[in-house]
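Asks: One structure follows; several queries about it will come next.
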Amino acid sequence: MDMRRMVAELVEEAQQQTRDHVWKLTSSDRALALETETGLRNVVGPPDIQGILPQIKRLEHLRETLAVLAIALARTHGRLAWFISGALHALEPVLRWRALPADHGGTFGTVLPSPEDYTEAEEAVRQLQDALAHIAVGPIDLGTVRPDQ
């Protein structure tokens with residue numbers, strides 16, 4: 001399953017839980033969601049900006065998104081923590097990516113991602129940005145989230 005699809009499923013579940021009043025968003029949920037969304041937007045920008053960066057910078061930015069999410073996860077509990085944990089799981093392949101060739105010796109299990117892999121991961125981060133922005137302002141209603149968004 002690709003990262004975008006995994007994030008779309010997370011967002012769908014969050015929408016359902018807020019609609020059904022299973023997840024009652026607290027003011028601390030909203031504040032942390034806004035802070036996390038801002039952190040992600042500061043790292044991964046619009047496609048036209050990200051797409052022209054060298055791959056090593058794109059990978060650096062994607063790794064920074066994992067750091068933003070990990071810090072947010074460490075600061076919360078309950079459903080928001082579960083949502084962020086799912087986001088980290090969806091983006092987990094980034095942890096095994098490398099941008100440099102392996103001249104000699106092993107690579108510790110890392111792989112060179114394709115340009116499409118970078119694009120997919122960046123799009124998944126943008127989906128998370130949008131979902132967190134909606135969490136920050138109240139009940140989640142993003143309409144139908146498609147994996148290609």
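Chains: A, B, ... in order of the structure tokens. Residues: from 1 per chain. Ligands: from 1, in order shown.
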List every residue of chain A that DSSP, applied to the backbone of this structure, assigns to alpha helix (DSSP H), and report them as a PyMOL selection string.

Replies: chain A and resi 3-19+27-43+47-50+55-74+78-90+115-137

Asks: Looking at only C-alpha atoms, which of A:His77, A:Val125, A:Glu60, A:Gln55 is the one that sits closest to Leu95 (chain A)?

Replies: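 With only C-alpha atoms as the atom set, the closest residue is A:Glu60.
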
Asks: Under the rule of at most 10 Å, produce a per-residue listing of region 47-142 of chain A near region 13-33 of chain A: chain, number, name, the closest pair of atoms, and the distance in Å, as a tab-separated table, using only C-alpha atoms.

Replies:
```
residue	atom	partner	partner_atom	distance
A:Ala72	CA	A:Leu32	CA	7.0
A:Leu73	CA	A:Leu32	CA	9.5
A:Arg75	CA	A:Leu32	CA	8.2
A:Thr76	CA	A:Asp29	CA	7.9
A:His77	CA	A:Asp29	CA	9.2
A:Gly78	CA	A:Trp23	CA	9.2
A:Arg79	CA	A:Trp23	CA	6.8
A:Leu80	CA	A:Asp29	CA	6.5
A:Ala81	CA	A:Asp29	CA	9.3
A:Phe83	CA	A:Ala14	CA	7.6
A:Ile84	CA	A:Ala33	CA	9.4
A:Gln129	CA	A:Ala33	CA	9.1
A:Ala131	CA	A:Ala14	CA	8.8
A:Leu132	CA	A:Ala33	CA	5.1
A:Ala133	CA	A:Ala33	CA	6.8
A:His134	CA	A:Ala33	CA	8.6
A:Ile135	CA	A:Arg30	CA	5.9
A:Ala136	CA	A:Arg30	CA	3.9
A:Val137	CA	A:Arg30	CA	6.6
A:Gly138	CA	A:Leu25	CA	7.1
A:Pro139	CA	A:Thr18	CA	5.8
A:Ile140	CA	A:Gln15	CA	5.1
A:Asp141	CA	A:Gln15	CA	6.1
A:Leu142	CA	A:Gln15	CA	7.7
```

Asks: Please produce an output containing N, CA, C and O atoms for each residue in the selection, written as an mmCIF file, in the first residue's frame.

Replies:
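Ended up saving to result-v5.cif:
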```cif
data_model
loop_
_atom_site.group_PDB
_atom_site.id
_atom_site.type_symbol
_atom_site.label_atom_id
_atom_site.label_comp_id
_atom_site.auth_asym_id
_atom_site.auth_seq_id
_atom_site.Cartn_x
_atom_site.Cartn_y
_atom_site.Cartn_z
ATOM 1 N N ALA A 72 5.715 15.652 17.974
ATOM 2 C CA ALA A 72 4.289 15.815 18.280
ATOM 3 C C ALA A 72 3.757 14.577 18.996
ATOM 4 O O ALA A 72 3.005 14.687 19.973
ATOM 5 N N LEU A 73 4.144 13.407 18.523
ATOM 6 C CA LEU A 73 3.692 12.161 19.139
ATOM 7 C C LEU A 73 4.134 12.082 20.597
ATOM 8 O O LEU A 73 3.367 11.649 21.462
ATOM 9 N N ARG A 75 4.367 14.375 22.620
ATOM 10 C CA ARG A 75 3.703 15.394 23.428
ATOM 11 C C ARG A 75 2.198 15.182 23.595
ATOM 12 O O ARG A 75 1.518 16.061 24.106
ATOM 13 N N THR A 76 1.684 14.036 23.152
ATOM 14 C CA THR A 76 0.239 13.833 23.250
ATOM 15 C C THR A 76 -0.073 12.378 23.540
ATOM 16 O O THR A 76 0.801 11.509 23.500
ATOM 17 N N HIS A 77 -1.347 12.145 23.828
ATOM 18 C CA HIS A 77 -1.851 10.795 24.108
ATOM 19 C C HIS A 77 -3.220 10.668 23.465
ATOM 20 O O HIS A 77 -3.774 11.641 22.965
ATOM 21 N N GLY A 78 -3.751 9.476 23.483
ATOM 22 C CA GLY A 78 -5.098 9.268 22.971
ATOM 23 C C GLY A 78 -5.178 9.277 21.458
ATOM 24 O O GLY A 78 -4.207 8.959 20.756
ATOM 25 N N ARG A 79 -6.303 9.676 20.952
ATOM 26 C CA ARG A 79 -6.590 9.555 19.518
ATOM 27 C C ARG A 79 -5.657 10.379 18.645
ATOM 28 O O ARG A 79 -5.281 9.939 17.571
ATOM 29 N N LEU A 80 -5.278 11.572 19.099
ATOM 30 C CA LEU A 80 -4.337 12.344 18.290
ATOM 31 C C LEU A 80 -3.003 11.624 18.210
ATOM 32 O O LEU A 80 -2.384 11.575 17.146
ATOM 33 N N ALA A 81 -2.558 11.029 19.298
ATOM 34 C CA ALA A 81 -1.317 10.251 19.281
ATOM 35 C C ALA A 81 -1.442 9.072 18.327
ATOM 36 O O ALA A 81 -0.509 8.766 17.577
ATOM 37 N N PHE A 83 -3.395 8.869 15.729
ATOM 38 C CA PHE A 83 -3.398 9.405 14.371
ATOM 39 C C PHE A 83 -1.969 9.716 13.919
ATOM 40 O O PHE A 83 -1.552 9.334 12.817
ATOM 41 N N ILE A 84 -1.211 10.384 14.766
ATOM 42 C CA ILE A 84 0.176 10.741 14.414
ATOM 43 C C ILE A 84 1.031 9.489 14.269
ATOM 44 O O ILE A 84 1.867 9.403 13.372
ATOM 45 N N GLN A 129 -0.794 17.548 6.247
ATOM 46 C CA GLN A 129 -0.881 18.976 6.545
ATOM 47 C C GLN A 129 -2.343 19.414 6.534
ATOM 48 O O GLN A 129 -2.812 20.081 7.469
ATOM 49 N N ALA A 131 -5.096 17.564 6.800
ATOM 50 C CA ALA A 131 -5.871 16.912 7.857
ATOM 51 C C ALA A 131 -5.603 17.565 9.204
ATOM 52 O O ALA A 131 -6.538 17.831 9.970
ATOM 53 N N LEU A 132 -4.348 17.849 9.498
ATOM 54 C CA LEU A 132 -4.012 18.491 10.774
ATOM 55 C C LEU A 132 -4.591 19.902 10.855
ATOM 56 O O LEU A 132 -5.025 20.344 11.919
ATOM 57 N N ALA A 133 -4.611 20.601 9.737
ATOM 58 C CA ALA A 133 -5.223 21.941 9.713
ATOM 59 C C ALA A 133 -6.703 21.846 10.052
ATOM 60 O O ALA A 133 -7.232 22.683 10.799
ATOM 61 N N HIS A 134 -7.389 20.845 9.541
ATOM 62 C CA HIS A 134 -8.808 20.665 9.838
ATOM 63 C C HIS A 134 -9.022 20.236 11.289
ATOM 64 O O HIS A 134 -9.983 20.667 11.930
ATOM 65 N N ILE A 135 -8.146 19.397 11.813
ATOM 66 C CA ILE A 135 -8.230 19.013 13.222
ATOM 67 C C ILE A 135 -8.079 20.255 14.098
ATOM 68 O O ILE A 135 -8.772 20.423 15.092
ATOM 69 N N ALA A 136 -7.191 21.142 13.688
ATOM 70 C CA ALA A 136 -6.912 22.345 14.473
ATOM 71 C C ALA A 136 -8.121 23.264 14.591
ATOM 72 O O ALA A 136 -8.279 23.950 15.594
ATOM 73 N N VAL A 137 -8.984 23.268 13.586
ATOM 74 C CA VAL A 137 -10.122 24.192 13.616
ATOM 75 C C VAL A 137 -11.420 23.537 14.050
ATOM 76 O O VAL A 137 -12.402 24.232 14.284
ATOM 77 N N GLY A 138 -11.462 22.233 14.128
ATOM 78 C CA GLY A 138 -12.687 21.593 14.592
ATOM 79 C C GLY A 138 -12.934 20.272 13.925
ATOM 80 O O GLY A 138 -12.001 19.644 13.418
ATOM 81 N N PRO A 139 -14.175 19.835 13.909
ATOM 82 C CA PRO A 139 -14.511 18.537 13.319
ATOM 83 C C PRO A 139 -13.957 18.403 11.913
ATOM 84 O O PRO A 139 -13.949 19.361 11.145
ATOM 85 N N ILE A 140 -13.505 17.230 11.610
ATOM 86 C CA ILE A 140 -12.863 16.971 10.336
ATOM 87 C C ILE A 140 -13.912 16.657 9.289
ATOM 88 O O ILE A 140 -14.720 15.758 9.467
ATOM 89 N N ASP A 141 -13.910 17.407 8.202
ATOM 90 C CA ASP A 141 -14.780 17.124 7.066
ATOM 91 C C ASP A 141 -14.034 17.539 5.815
ATOM 92 O O ASP A 141 -14.179 18.637 5.326
ATOM 93 N N LEU A 142 -13.197 16.655 5.325
ATOM 94 C CA LEU A 142 -12.393 16.948 4.142
ATOM 95 C C LEU A 142 -13.044 16.449 2.873
ATOM 96 O O LEU A 142 -12.438 16.430 1.830
#
```

Asks: Out of A:Leu91, A:Leu53, A:Leu69, A:Met6, which residue has the shortest atom-to-atom distance to Asp117 (chain A) when counting only C-alpha atoms?

Replies: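 Smallest separation from Asp117 (chain A) among the options: A:Leu91.
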
Asks: Near Leu128 (chain A), within 9 Å and counting only C-alpha atoms, which residues show up once chain neighbours fewer than 4 positions away are dropped, as a ChimeraX atom specification?

Replies: /A:7-8,11,37,40,87,123-124,132-133

Asks: Any idea what's packed within 12 Å of Arg63 (chain A), counting only C-alpha atoms, ignoring anything in its chain fewer than 4 positions away? Could you give it as a ChimeraX atom specification?

Replies: /A:40,43-44,56-59,67-70,88,91-99,118,121-122,125

Asks: Using CA of Asp2 (chain A) and CA of Arg126 (chain A) as the two end points, give the distance in Å to one decimal.

Replies: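 That distance, rounded to one decimal, is 14.5 Å.
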
Asks: Report, in Å with one decimal, the straight-line distance from CA of Gly105 (chain A) to CA of Thr119 (chain A).

Replies: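 Interatomic distance, CA of Gly105 (chain A) to CA of Thr119 (chain A): 28.6 Å.
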
Asks: Between CA of Asp103 (chain A) and CA of Ile52 (chain A), what is the spacing in Å?

Replies: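 Those two atoms sit 25.5 Å apart.
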
Asks: Compare A:Glu116, A:Ala102, A:Thr107, A:Trp82 by their minimum atom-to-atom distance to Leu10 (chain A), counting only C-alpha atoms, and give me the closest one.

Replies: A:Trp82
